[in-house]
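Visitor: Contents are TSV, C-alpha atoms; file name structure.tsv:
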```
chain	number	residue	atom	x	y	z
Q	1	MET	CA	27.59	-12.22	-12.11
Q	2	LEU	CA	26.00	-11.60	-15.49
Q	3	LEU	CA	27.85	-12.80	-18.56
Q	4	ASN	CA	25.81	-12.96	-21.72
Q	5	ASN	CA	25.45	-11.38	-25.14
Q	6	LEU	CA	28.26	-10.69	-27.56
Q	7	GLY	CA	29.72	-7.20	-27.61
Q	8	LEU	CA	30.49	-5.88	-31.09
Q	9	THR	CA	32.19	-2.71	-32.25
Q	10	PHE	CA	32.82	-1.13	-35.65
Q	11	ASN	CA	35.53	-3.49	-36.88
Q	12	ASP	CA	33.45	-6.51	-35.90
Q	13	VAL	CA	30.66	-5.91	-38.39
Q	14	LEU	CA	29.91	-4.96	-41.98
Q	15	LEU	CA	26.67	-3.81	-43.56
Q	16	VAL	CA	25.30	-6.34	-46.06
Q	17	PRO	CA	24.74	-4.69	-49.49
Q	18	GLN	CA	21.02	-4.41	-50.28
Q	19	TYR	CA	18.96	-3.79	-53.41
Q	20	SER	CA	19.11	-0.09	-54.27
Q	21	ASN	CA	17.23	2.13	-56.68
Q	22	ILE	CA	19.49	5.07	-55.87
Q	23	ASN	CA	21.21	6.30	-59.02
Q	24	SER	CA	23.38	8.95	-57.40
Q	25	ARG	CA	24.43	9.79	-53.85
Q	26	SER	CA	22.96	13.25	-54.50
Q	27	GLU	CA	19.57	11.53	-54.02
Q	28	VAL	CA	20.48	10.69	-50.42
Q	29	SER	CA	19.46	13.01	-47.58
Q	30	LEU	CA	21.87	13.18	-44.64
Q	31	LYS	CA	19.44	15.20	-42.56
Q	32	SER	CA	19.70	13.97	-38.99
Q	33	GLN	CA	17.83	14.60	-35.77
Q	34	VAL	CA	19.92	15.95	-32.88
Q	35	THR	CA	16.91	16.67	-30.66
Q	36	PRO	CA	13.17	16.46	-31.33
Q	37	LYS	CA	13.23	20.11	-32.45
Q	38	LEU	CA	16.71	20.38	-34.00
Q	39	SER	CA	17.75	18.73	-37.24
Q	40	ILE	CA	21.00	19.28	-39.12
Q	41	ASN	CA	22.07	18.50	-42.68
Q	42	PHE	CA	25.27	16.60	-41.83
Q	43	PRO	CA	25.06	13.72	-39.33
Q	44	VAL	CA	28.37	14.19	-37.51
Q	45	THR	CA	28.64	16.73	-34.69
Q	46	ALA	CA	31.84	17.84	-32.95
Q	47	ALA	CA	32.53	16.57	-29.45
Q	48	ASN	CA	32.80	19.02	-26.55
Q	49	MET	CA	36.57	18.67	-26.17
Q	50	ASP	CA	38.85	21.67	-25.60
Q	51	THR	CA	41.29	20.56	-28.33
Q	52	VAL	CA	38.44	20.11	-30.82
Q	53	VAL	CA	35.84	22.85	-30.27
Q	54	GLY	CA	36.37	26.57	-29.79
Q	55	VAL	CA	34.63	29.62	-31.20
Q	56	ASP	CA	36.09	29.29	-34.71
Q	57	MET	CA	35.29	25.58	-34.94
Q	58	ALA	CA	31.71	26.08	-33.76
Q	59	ILE	CA	31.07	28.85	-36.27
Q	60	VAL	CA	32.52	27.00	-39.27
Q	61	LEU	CA	30.80	23.74	-38.41
Q	62	SER	CA	27.44	25.49	-38.03
Q	63	LYS	CA	27.90	27.08	-41.45
Q	64	SER	CA	28.79	23.64	-42.85
Q	65	GLY	CA	25.39	22.24	-41.88
Q	66	SER	CA	26.30	20.58	-38.59
Q	67	ILE	CA	26.75	21.75	-35.01
Q	68	ALA	CA	29.39	21.70	-32.28
Q	69	PHE	CA	29.00	20.84	-28.62
Q	70	TYR	CA	30.83	23.46	-26.57
Q	71	PRO	CA	33.14	22.40	-23.71
Q	72	ARG	CA	32.18	23.12	-20.09
Q	73	PHE	CA	35.58	23.36	-18.44
Q	74	ALA	CA	36.00	27.14	-18.31
Q	75	THR	CA	34.15	29.30	-15.78
Q	76	PRO	CA	30.50	29.94	-16.63
Q	77	GLU	CA	31.34	33.57	-17.36
Q	78	ILE	CA	34.03	32.71	-19.91
Q	79	GLN	CA	31.92	29.97	-21.50
Q	80	CYS	CA	29.03	32.41	-21.90
Q	81	GLN	CA	31.32	35.05	-23.44
Q	82	GLU	CA	32.52	32.55	-26.04
Q	83	ILE	CA	29.02	31.25	-26.72
Q	84	LYS	CA	27.87	34.85	-27.26
Q	85	GLN	CA	30.46	35.28	-30.03
Q	86	ILE	CA	29.05	32.25	-31.83
Q	87	LEU	CA	25.44	33.40	-31.47
Q	88	GLU	CA	26.31	36.91	-32.69
Q	89	ALA	CA	27.77	35.34	-35.81
Q	90	GLY	CA	24.31	33.90	-36.46
Q	91	CYS	CA	25.42	30.34	-35.78
Q	92	GLN	CA	24.11	27.49	-33.67
Q	93	VAL	CA	25.96	25.76	-30.84
Q	94	ILE	CA	25.08	23.43	-27.98
Q	95	PRO	CA	26.87	24.18	-24.69
Q	96	SER	CA	27.61	21.40	-22.24
Q	97	VAL	CA	27.15	21.48	-18.47
Q	98	GLY	CA	28.12	19.11	-15.68
Q	99	ILE	CA	25.99	17.93	-12.76
Q	100	LYS	CA	27.63	19.50	-9.70
Q	101	ASP	CA	25.62	22.09	-7.77
Q	102	GLY	CA	27.56	24.96	-9.33
Q	103	GLU	CA	26.44	23.83	-12.76
Q	104	LYS	CA	22.92	25.02	-12.00
Q	105	LEU	CA	24.22	28.58	-12.24
Q	106	ARG	CA	26.03	27.77	-15.50
Q	107	ALA	CA	22.83	26.38	-16.97
Q	108	LYS	CA	20.83	29.43	-15.88
Q	109	MET	CA	23.35	31.84	-17.37
Q	110	LEU	CA	23.33	30.01	-20.69
Q	111	ILE	CA	19.55	29.79	-20.83
Q	112	ASP	CA	19.20	33.47	-19.88
Q	113	MET	CA	21.29	34.38	-22.93
Q	114	GLY	CA	19.00	32.44	-25.25
Q	115	ILE	CA	20.34	28.88	-25.33
Q	116	LYS	CA	17.54	26.41	-26.08
Q	117	ILE	CA	19.49	23.11	-25.92
Q	118	LEU	CA	21.95	21.89	-23.27
Q	119	LEU	CA	24.17	18.82	-23.13
Q	120	VAL	CA	24.29	17.32	-19.64
Q	121	ASP	CA	27.62	15.59	-20.03
Q	122	VAL	CA	29.13	13.13	-17.55
Q	123	ALA	CA	31.28	10.06	-18.03
Q	124	HIS	CA	28.67	7.79	-16.44
Q	125	GLY	CA	25.16	9.04	-17.09
Q	126	HIS	CA	23.32	6.13	-15.47
Q	127	GLN	CA	23.72	7.49	-11.95
Q	128	GLN	CA	21.20	9.12	-9.65
Q	129	SER	CA	22.96	12.49	-9.45
Q	130	CYS	CA	22.74	12.82	-13.25
Q	131	LEU	CA	19.08	11.79	-13.31
Q	132	ASP	CA	18.30	14.30	-10.54
Q	133	PHE	CA	20.06	17.10	-12.45
Q	134	ILE	CA	18.05	16.39	-15.59
Q	135	LYS	CA	14.84	16.45	-13.56
Q	136	TYR	CA	15.90	19.78	-12.02
Q	137	LEU	CA	16.46	21.32	-15.44
Q	138	LYS	CA	13.19	20.03	-16.84
Q	139	ILE	CA	11.20	21.34	-13.87
Q	140	ASN	CA	12.80	24.78	-13.94
Q	141	TYR	CA	13.29	25.15	-17.71
Q	142	PRO	CA	10.62	23.00	-19.38
Q	143	ASP	CA	11.11	24.59	-22.81
Q	144	VAL	CA	14.85	23.79	-22.93
Q	145	GLU	CA	15.77	20.54	-24.69
Q	146	ILE	CA	18.18	18.28	-22.82
Q	147	ILE	CA	20.72	15.91	-24.35
Q	148	ALA	CA	22.21	13.65	-21.68
Q	149	GLY	CA	24.80	10.89	-21.30
Q	150	ALA	CA	26.90	8.99	-21.58
Q	151	VAL	CA	25.30	5.56	-21.23
Q	152	ALA	CA	25.75	2.22	-22.97
Q	153	THR	CA	22.73	0.09	-22.07
Q	154	TYR	CA	19.00	-0.03	-22.67
Q	155	GLU	CA	18.43	0.48	-18.95
Q	156	GLY	CA	20.69	3.54	-18.88
Q	157	ALA	CA	19.05	5.12	-21.91
Q	158	LYS	CA	15.56	4.41	-20.56
Q	159	ALA	CA	16.44	6.01	-17.22
Q	160	LEU	CA	17.65	9.19	-18.94
Q	161	TYR	CA	14.53	9.44	-21.12
Q	162	LEU	CA	12.31	8.90	-18.07
Q	163	ALA	CA	14.19	11.63	-16.21
Q	164	GLY	CA	13.34	14.07	-19.00
Q	165	ALA	CA	16.16	13.79	-21.54
Q	166	ASP	CA	15.05	14.67	-25.06
Q	167	THR	CA	18.08	12.93	-26.58
Q	168	VAL	CA	20.40	10.30	-25.09
Q	169	LYS	CA	24.14	10.18	-25.78
Q	170	VAL	CA	25.63	6.70	-26.19
Q	171	GLY	CA	29.25	5.73	-25.64
Q	172	VAL	CA	31.24	4.63	-22.59
Q	173	GLY	CA	34.89	4.43	-23.52
Q	174	PRO	CA	34.92	3.97	-27.32
Q	175	GLY	CA	36.78	7.19	-28.14
Q	176	SER	CA	40.34	7.02	-29.43
Q	177	ALA	CA	41.50	9.47	-26.72
Q	178	CYS	CA	39.63	7.70	-23.90
Q	179	THR	CA	41.08	5.09	-21.51
Q	180	THR	CA	38.02	4.60	-19.32
Q	181	ARG	CA	37.74	0.91	-20.25
Q	182	VAL	CA	41.40	0.30	-19.39
Q	183	VAL	CA	41.33	2.28	-16.13
Q	184	THR	CA	37.94	1.14	-14.85
Q	185	GLY	CA	37.30	-2.14	-16.65
Q	186	SER	CA	33.86	-0.81	-17.60
Q	187	GLY	CA	32.30	-0.14	-20.96
Q	188	MET	CA	30.35	-1.62	-23.84
Q	189	PRO	CA	31.50	-2.17	-27.44
Q	190	GLN	CA	29.94	0.68	-29.37
Q	191	ILE	CA	27.82	-1.10	-32.00
Q	192	THR	CA	26.21	-3.24	-29.30
Q	193	ALA	CA	25.77	-0.17	-27.10
Q	194	ILE	CA	23.97	1.73	-29.88
Q	195	ILE	CA	21.73	-1.24	-30.69
Q	196	GLU	CA	20.76	-1.63	-27.03
Q	197	CYS	CA	20.14	2.09	-26.45
Q	198	ALA	CA	18.20	2.31	-29.72
Q	199	LYS	CA	15.58	0.04	-28.17
Q	200	ALA	CA	14.83	2.80	-25.66
Q	201	SER	CA	15.06	5.46	-28.36
Q	202	LYS	CA	12.33	3.70	-30.35
Q	203	GLU	CA	10.26	3.08	-27.23
Q	204	PHE	CA	10.23	6.78	-26.36
Q	205	ASN	CA	10.33	7.99	-29.99
Q	206	LYS	CA	13.25	10.30	-29.22
Q	207	PRO	CA	16.66	10.86	-30.87
Q	208	LEU	CA	19.83	8.93	-30.06
Q	209	LEU	CA	23.33	10.42	-30.36
Q	210	ALA	CA	26.21	7.96	-30.88
Q	211	ASP	CA	29.43	9.34	-29.39
Q	212	GLY	CA	32.90	8.03	-30.13
Q	213	GLY	CA	34.86	5.27	-31.83
Q	214	MET	CA	34.35	6.32	-35.45
Q	215	LYS	CA	37.49	6.48	-37.57
Q	216	ASN	CA	36.00	6.97	-41.02
Q	217	SER	CA	32.80	7.56	-42.97
Q	218	GLY	CA	31.97	3.85	-42.96
Q	219	ASP	CA	31.92	3.82	-39.17
Q	220	VAL	CA	29.48	6.75	-39.21
Q	221	VAL	CA	27.17	4.78	-41.50
Q	222	LYS	CA	27.39	1.77	-39.16
Q	223	ALA	CA	26.60	3.91	-36.11
Q	224	LEU	CA	23.52	5.33	-37.82
Q	225	ALA	CA	22.45	1.93	-39.15
Q	226	ALA	CA	22.66	0.52	-35.62
Q	227	GLY	CA	19.95	2.96	-34.53
Q	228	ALA	CA	21.52	6.36	-33.91
Q	229	THR	CA	19.81	9.43	-35.37
Q	230	CYS	CA	23.04	11.46	-35.24
Q	231	THR	CA	26.68	11.00	-34.23
Q	232	MET	CA	29.35	12.86	-32.28
Q	233	SER	CA	33.10	12.68	-32.85
Q	234	GLY	CA	36.30	14.31	-31.73
Q	235	ASN	CA	38.65	12.14	-33.75
Q	236	LEU	CA	37.11	12.90	-37.16
Q	237	PHE	CA	37.64	16.65	-36.63
Q	238	ALA	CA	40.96	16.50	-34.78
Q	239	GLY	CA	43.72	18.42	-36.52
Q	240	CYS	CA	41.43	20.66	-38.58
Q	241	LEU	CA	42.72	24.20	-39.03
Q	242	GLU	CA	39.77	25.62	-37.07
Q	243	THR	CA	40.34	23.52	-33.95
Q	244	PRO	CA	41.83	25.38	-30.94
Q	245	GLY	CA	45.56	25.40	-30.33
Q	246	GLU	CA	48.68	26.33	-32.19
Q	247	ILE	CA	50.05	24.48	-35.19
Q	248	ILE	CA	53.27	22.64	-34.35
Q	249	ASP	CA	55.87	22.25	-37.09
Q	250	CYS	CA	58.00	19.14	-36.67
Q	251	SER	CA	60.56	18.54	-39.41
Q	252	GLY	CA	58.24	20.08	-41.98
Q	253	THR	CA	55.12	18.21	-40.89
Q	254	LYS	CA	52.40	20.24	-39.20
Q	255	PHE	CA	50.56	18.88	-36.16
Q	256	LYS	CA	47.95	19.86	-33.62
Q	257	PHE	CA	47.26	18.40	-30.20
Q	258	TYR	CA	44.28	16.10	-29.69
Q	259	ASN	CA	43.82	15.30	-26.01
Q	260	GLY	CA	41.14	13.38	-24.21
Q	261	SER	CA	39.11	15.53	-21.83
Q	262	ALA	CA	40.19	13.30	-18.92
Q	263	SER	CA	43.89	13.26	-19.91
Q	264	ALA	CA	46.50	14.61	-17.49
Q	265	THR	CA	47.20	17.77	-19.49
Q	266	GLU	CA	43.55	18.62	-20.03
Q	267	LYS	CA	42.61	17.99	-16.40
Q	268	LEU	CA	45.38	20.37	-15.36
Q	269	HIS	CA	44.10	22.96	-17.84
Q	270	GLN	CA	40.58	22.48	-16.51
Q	271	TYR	CA	41.76	23.01	-12.95
Q	272	GLN	CA	43.58	26.17	-14.01
Q	273	LYS	CA	40.54	27.46	-15.89
Q	274	ASN	CA	38.06	26.84	-13.11
Q	275	SER	CA	39.15	25.47	-9.73
Q	276	SER	CA	36.01	26.58	-7.88
Q	277	ASP	CA	34.47	23.10	-7.97
Q	278	LYS	CA	37.67	21.01	-7.97
Q	279	THR	CA	40.32	19.88	-5.49
Q	280	CYS	CA	43.98	19.14	-6.22
Q	281	GLU	CA	43.03	15.46	-6.36
Q	282	TYR	CA	41.02	16.18	-9.51
Q	283	VAL	CA	44.09	16.21	-11.73
Q	284	LYS	CA	45.41	12.89	-10.43
Q	285	HIS	CA	42.71	10.61	-11.83
Q	286	VAL	CA	43.37	10.21	-15.53
Q	287	GLU	CA	41.15	8.40	-18.06
Q	288	GLY	CA	42.37	9.94	-21.32
Q	289	LEU	CA	45.26	10.02	-23.79
Q	290	GLU	CA	47.27	12.88	-25.26
Q	291	ARG	CA	48.61	12.84	-28.78
Q	292	ARG	CA	49.54	14.89	-31.79
Q	293	VAL	CA	47.64	14.53	-35.04
Q	294	GLU	CA	48.64	15.82	-38.45
Q	295	CYS	CA	46.89	18.97	-39.63
Q	296	ARG	CA	44.10	17.91	-41.94
Q	297	GLY	CA	43.04	21.14	-43.61
Q	298	PRO	CA	39.82	23.13	-43.18
Q	299	VAL	CA	36.64	21.69	-41.69
Q	300	SER	CA	34.79	22.27	-44.97
Q	301	GLU	CA	36.99	19.72	-46.75
Q	302	ILE	CA	36.53	17.13	-44.02
Q	303	VAL	CA	32.74	17.59	-44.06
Q	304	ASP	CA	32.66	17.31	-47.86
Q	305	ALA	CA	34.70	14.10	-47.92
Q	306	LEU	CA	32.72	12.52	-45.09
Q	307	SER	CA	29.41	13.51	-46.68
Q	308	LYS	CA	30.27	11.74	-49.93
Q	309	GLY	CA	31.36	8.59	-48.14
Q	310	ILE	CA	28.33	8.49	-45.84
Q	311	ALA	CA	25.90	9.08	-48.72
Q	312	SER	CA	27.54	6.26	-50.66
Q	313	GLY	CA	27.19	4.05	-47.62
Q	314	PHE	CA	23.47	4.77	-47.46
Q	315	SER	CA	23.10	3.82	-51.11
Q	316	TYR	CA	24.66	0.39	-50.51
Q	317	SER	CA	21.77	-0.32	-48.14
Q	318	GLY	CA	19.24	1.18	-50.57
Q	319	ALA	CA	18.49	3.93	-48.07
Q	320	HIS	CA	17.51	7.46	-49.14
Q	321	ASN	CA	17.68	8.77	-45.56
Q	322	ILE	CA	18.43	7.75	-41.97
Q	323	SER	CA	14.92	6.44	-41.38
Q	324	GLU	CA	15.23	4.05	-44.33
Q	325	LEU	CA	18.72	3.07	-43.18
Q	326	HIS	CA	17.25	1.99	-39.83
Q	327	GLN	CA	14.65	-0.10	-41.65
Q	328	LYS	CA	16.75	-1.67	-44.40
Q	329	SER	CA	20.26	-2.15	-43.01
Q	330	GLN	CA	21.52	-5.60	-42.08
Q	331	PHE	CA	24.72	-6.31	-40.17
Q	332	ILE	CA	26.95	-9.32	-40.50
Q	333	GLN	CA	29.59	-10.23	-37.93
Q	334	VAL	CA	33.07	-10.70	-39.37
Q	335	THR	CA	36.35	-12.28	-38.29
Q	336	ASN	CA	39.65	-10.54	-37.66
Q	337	SER	CA	40.84	-11.67	-41.08
Q	338	VAL	CA	38.34	-9.30	-42.69
Q	339	ILE	CA	40.26	-6.30	-41.38
Q	340	TYR	CA	43.07	-7.24	-43.76
Q	341	GLU	CA	40.62	-7.92	-46.55
Q	342	ASN	CA	39.13	-4.44	-46.18
Q	343	ASN	CA	41.97	-2.87	-48.20
Q	344	ASN	CA	43.91	-1.66	-45.17
Q	345	ARG	CA	40.78	0.00	-43.84
Q	346	GLU	CA	42.51	1.06	-40.61
Q	347	SER	CA	44.78	3.43	-42.53
Q	348	SER	CA	41.84	5.32	-44.01
Q	349	LYS	CA	41.49	8.87	-42.73
Q	350	LEU	CA	37.87	9.17	-43.77
```
Once more with this new file: its structure as structure tokens, please.

Guide:
Amino acid sequence: MLLNNLGLTFNDVLLVPQYSNINSRSEVSLKSQVTPKLSINFPVTAANMDTVVGVDMAIVLSKSGSIAFYPRFATPEIQCQEIKQILEAGCQVIPSVGIKDGEKLRAKMLIDMGIKILLVDVAHGHQQSCLDFIKYLKINYPDVEIIAGAVATYEGAKALYLAGADTVKVGVGPGSACTTRVVTGSGMPQITAIIECAKASKEFNKPLLADGGMKNSGDVVKALAAGATCTMSGNLFAGCLETPGEIIDCSGTKFKFYNGSASATEKLHQYQKNSSDKTCEYVKHVEGLERRVECRGPVSEIVDALSKGIASGFSYSGAHNISELHQKSQFIQVTNSVIYENNNRESSKL
């Protein structure tokens, strides 16, 4: 039994204010590295969840300076049709694939239509079947960049990089719609997970994508300061007008659904969309939540508000860009009492 180290997440830490010669947040660059070849101008990408990313969301987010990861739960044919619409609009998108044998065909179809980056997305990336799939892709498609995860340890990140991953995705169970830690008892607090995986990121000089747990712009800054080069979120984009699904009017308040990919409803939808690689047992194992979130307006407004908050956060550490944030930022651990001192921080939408 191994029991050491202290696991810390976003609420457990604050960034210590540093000397800054930044006069305006307009001097801060939010350019972030998604893969060695792909950089974006806004450091938050949209998670590959069916209630977060569809064609409209991917197009708008690309035009806003970021990128969306496209879900993998439809048949390869339908996924490719939807990806084609995004590409024809002149926008970028990163499709996700799984690791079952049938996913080799999905990957081939996507690459044949011009996709240059794939997300190999599984709940537990530090397993041999995931490592073997990455190796398969790198051998057969050496020019395609691979983002892979999720992992939460230095050892997991190192294994993915060694297998051929160009970027590693960090986060086992931190998402607000995820119950993996409750159901399985496994996980790692996200700040600690990022710090540990960042050791491998630096060792291999490759990007690190922090996925999940961020509730506001300050959390994004913390994730980047901990060593990520970019972040991924479903929660921060949930309820935007461009997300898939109908708007629900309840007593004058408008809502949209935000469901975890492993929730009961979404697993049923996934089975209905593509049952070729699933049994009826697939829908019975649930590791996600379902909830309604208030409509939050267009993506452009969310990106603008987050950008201002993140840039301000950089300035408090005296950092003009993510590289300087990695060098200059200092964390301090805080007590539970600080949550109350943070001006009701939990209620903040951004």

Visitor: Work out how far CA of Val34 in chain Q is from CA of Leu162 in chain Q, in Å to one decimal.

Guide: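 Result for CA of Leu162 in chain Q versus CA of Val34 in chain Q: 18.1 Å, one decimal.
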
Visitor: If you measure from CA of Ala193 in chain Q to CA of Gly125 in chain Q, what distance in Å do you get, rounded to one decimal?

Guide: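 About the pair CA of Ala193 in chain Q and CA of Gly125 in chain Q: they are 13.6 Å apart.
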
Visitor: Kindly give the distance, in Å, that separates CA of Ala177 in chain Q and CA of Pro244 in chain Q, rounded to a single decimal.

Guide: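 Straight-line distance from CA of Ala177 in chain Q to CA of Pro244 in chain Q works out to 16.5 Å.
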
Visitor: Put a box with edges along x, y and z around all the listed atoms of range 162-180 of chain Q, pad it by 8 Å on each side, then give me its centre and sizes in Å, one decimal, as lines of an AutoDock Vina configuration file.

Guide:
```
center_x = 26.9
center_y = 9.3
center_z = -22.8
size_x = 45.2
size_y = 26.7
size_z = 29.2
```

Visitor: From the list Q:Lys169, Q:Lys254, Q:Lys199, Q:Lys104, which residue is nearest His126 in chain Q when using only C-alpha atoms?

Guide: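 Distance minimum relative to His126 in chain Q lands on Q:Lys169.
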
Visitor: For Met57 in chain Q, list every protein, DNA or RNA residue within 7 Å, evaluated using all atoms listed in the file, and leave out those in the same chain fewer than 3 positions away; present the list as a count of residues only.

Guide: 6

Visitor: Name the closest residue to Ser96 in chain Q among the candidates Q:Asp121, Q:Glu82, Q:Glu145, Q:Glu196; distances are taken between atoms, counting only C-alpha atoms.

Guide: Q:Asp121

Visitor: Which residues come within 7 Å of Lys256 in chain Q, counting only C-alpha atoms, excluding same-chain residues fewer than 6 positions away, as a PDB file with C-alpha atoms, in the frame of the given file?

Guide:
```
ATOM      1  CA  GLY Q 239      43.720  18.420 -36.520  1.00  0.00           C
ATOM      2  CA  GLY Q 245      45.560  25.400 -30.330  1.00  0.00           C
ATOM      3  CA  GLU Q 246      48.680  26.330 -32.190  1.00  0.00           C
ATOM      4  CA  ILE Q 247      50.050  24.480 -35.190  1.00  0.00           C
ATOM      5  CA  ILE Q 248      53.270  22.640 -34.350  1.00  0.00           C
ATOM      6  CA  ARG Q 292      49.540  14.890 -31.790  1.00  0.00           C
ATOM      7  CA  VAL Q 293      47.640  14.530 -35.040  1.00  0.00           C
ATOM      8  CA  GLU Q 294      48.640  15.820 -38.450  1.00  0.00           C
ATOM      9  CA  CYS Q 295      46.890  18.970 -39.630  1.00  0.00           C
TER      10      CYS Q 295
END
```
